[in-house]
Structure formats: structure tokens, C-alpha cells
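The structure appears below as C-alpha cells.
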Amino acid sequence: MDTRPIGVFDSGLGGLTAVKELSKILPEENIVYFGDTGRVPYGSRSREIIRKYTSQDVHFLLSQNVKMILAACGTVSSTASDILHSVGVPATGVIFPTAQAAAHATRNGKIGVIGTTATIRSGAYRNALKKIDPALCVFEQDCPLFVPLVEGGFVADEEEITLLAARHYLLGLKQKGVDTLVMGCTHYPIISRIISKVMGEDVTLIDSGRETALWAAKALREANLLASAGGSRSFFVSDYVENFSQIAEIFLGCNILSDVQRIDIEKY
Ligand code: DGL
């Protein structure tokens with residue numbers, strides 16, 4: 001048994017998709033979450049900046065005595081996986097668990113991948129999918145407006161501006177006949193109902209946050225690192241606590257304001 005917390009981070013709200021799943025499947029685990037809301041989005045930034053931010057985010061989580069780190073961020077996972085794997089505790093990004101789930105889900109072998117510009121530019125999902133099965137057809141599309149729309153709170157199912165952006169980015173993928181769509185940025189599951197409205201209900205959506213949480217749970221179990229008592233959740237952000245808490249509440253279905261603290265991430 002190991003009651004140290006699991007550390008989860010993202011540029012902002014997206015990693016909550018992993019937290020939600022972790023809380024469901026491992027309710028006794030303590031979780032420390034960092035959302036870098038003062039510097040979001042990461043996906044439009046250069047490789048050097050993304051790597052610098054990743055290093056600081058990881059150091060902050062290590063200062064919280066975490067037993068495992070989940071980079072619940074497609075951009076970090078595709079651009080700085082080597083940093084994650086040199087931190088001294090078990091760590092994972094989202095690419096491998098998500099690619100595995102997508103390869104397993106497809107029936108016609110045509111998989112769409114959506115993500116931030118940095119993620120799509122890296123080719124990380126394409127490479128992972130092709131490694132699993134070289135015969136898969138992979139179609140990629142970056143969706144740079146999705147993260148600002150989610151962080152701005154435009155997440156309701158009837159949100160016209162988000163639906164418009166979704167049509168703009170996704171209709172091309174739909175025309176390719178993909179039967180599986182990788183939501184390769186962890187922010188995207190927060191607007192999955194809008195994405196599904198455009199893609200059609202017969203297209204299987206793969207949630208990178210959820211798949212990574214499932215992978216982490218399995219890894220903790222295998223390493224005998226599960227906690228048998230706890231269940232606390234602490235959230236840290238690098239900008240306004242209130243903005244984060246409001247949108248988190250819509251997604252998590254509970255008020256977390258009293259569990260959110262602001263930190264200066266530049267110190268790490
Ligand atoms: N959730 C992050 C990801 O999975 C968003 C990156 C960003 O801030 O642009 O890529």
C-alpha cells in the first residue's frame with residue numbers, strides 16, 4: 001500500500017478528464033492536480049517552451065511527494081516524453097494508452113486523430129498507431145480553437161460557436177470515413193457531445209484522459225502501489241482560482257473551489 005498522491009498535470013482543464021476517471025476507478029487514491037492556467041495553451045507554442053513548461057510542471061508535482069506522474073496532456077506527451085521518463089517515479093503520457101484503445105476500437109481500420117498543432121506536428125499518435133498496426137489508415141487534423149473555447153467555458157452542448165469550430169475542423173475527417181476518432185488533446189472530451197454531433201454517433205470517440213487513467217490504474221496495481229485509504233483531491237493552478245473552479249464544476253459535477261490553490265510555477 002502506498003498513500004502518496006498520484007500527480008496529474010495539464011496546461012489547464014483538460015487533465016481533469018483523467019482525474020474524473022481516476023476518481024471513479026480508484027476512489028481511495030489521493031490526487032494532486034496541476035493546471036497551468038496562466039500559460040495555457042501549450043499547443044501553439046514551440047517545442048523548447050513546451051519542454052521548459054513540462055520540466056517545471058513535473059518538478060512542482062515531485063515537490064508534492066507523488067508516487068506517479070500522469071502527463072494528462074497530448075501536447076506534453078508528444079513533445080517531451082523523454083522528460084517524463086527521467087523523473088524518478090513511474091510516469092506516463094497519453095499517446096500509447098490512447099493509440100492502443102483506438103487500434104482496438106476500429107472496425108474499418110480508418111482512424112482520425114485530432115489534437116493541438118504541436119501534437120499533430122509531432123506525428124506521435126500516427127507513429128504509435130502505425131507501430132501497433134502498419135495497415136491502419138490514419139487521418140490527422142489540428143483544432144487550435146478547441147482549447148481556448150474550453151478554457152473560455154464554451155462547453156455547453158448547444159454552444160453555437162463551438163459547434164461551428166467543430167464543423168470547420170471535423171467535416172473533412174468525417175468525409176474520409178473514419179469509424180474511430182482519437183480525441184488526442186485531453187481538453188476535447190469536455191466537448192465530446194459537440195464533437196459527436198458533427199462526426200455522427202456511429203463514430204467511436206477515444207478519450208485520451210480516460211484511457212491514460214485506465215493505464216495508470218493498471219500500472220499501479222501491478223507495481224503494488226495502490227492506496228487503500230484516502231481519496232483526497234487537491235488542485236493547483238497558475239492563475240485565477242475562480243475561473244478554473246467554475247468550469248471544473250461543470251465537468252466534474254461538484255464544487256471544488258475550496259480545494260484549489262494558486263501557485264507560482266516559475267519557481268520550479
Ligand atoms: N490538454 C492539452 C493537450 O492534451 C492542451 C494543450 C494546450 O494547452 O494547447 O494537448
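Every chain in the C-alpha cells takes a letter, A first, then B, and so on in the order presented; its residues are numbered from 1, and the ligands are numbered from 1 following the presented order.
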
(request) Please identify the residues whose atoms come within 8 Å of ligand 1, using only C-alpha atoms and all ligand atoms, and report them as a count of residues only. (result) 30

(message) Could you go through region 26-225 of chain A and tell me which residues DSSP, when run on the backbone, assigns to strand (DSSP E), listing them as number ranges by chain?
(response) A: 31-35, 68-71, 91-92, 110-115, 137-142, 180-183, 204-207

(request) Can you work out which one of A:Ile50, A:Ala229, A:Val237, A:Ile132 has the shortest atom-to-atom distance to Arg262 (chain A), counting only C-alpha atoms? (result)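 Looking at the shortest contact to Arg262 (chain A), the residue is A:Val237.
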
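Shortest separation to Gly112 (chain A) among A:Ile6, A:Ala80, A:Leu170, A:Val32 occurs at residue A:Leu170, atoms counted being only C-alpha atoms.
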
(request) Write out as a list in words which residues come within 9 Å of Ser55 (chain A) when counting only C-alpha atoms, dropping same-chain ones fewer than 3 positions away. (result) Ile50, Arg51, Lys52, Val58, His59, Phe60, Ala80, Ile83, Leu84 and Tyr268 of chain A
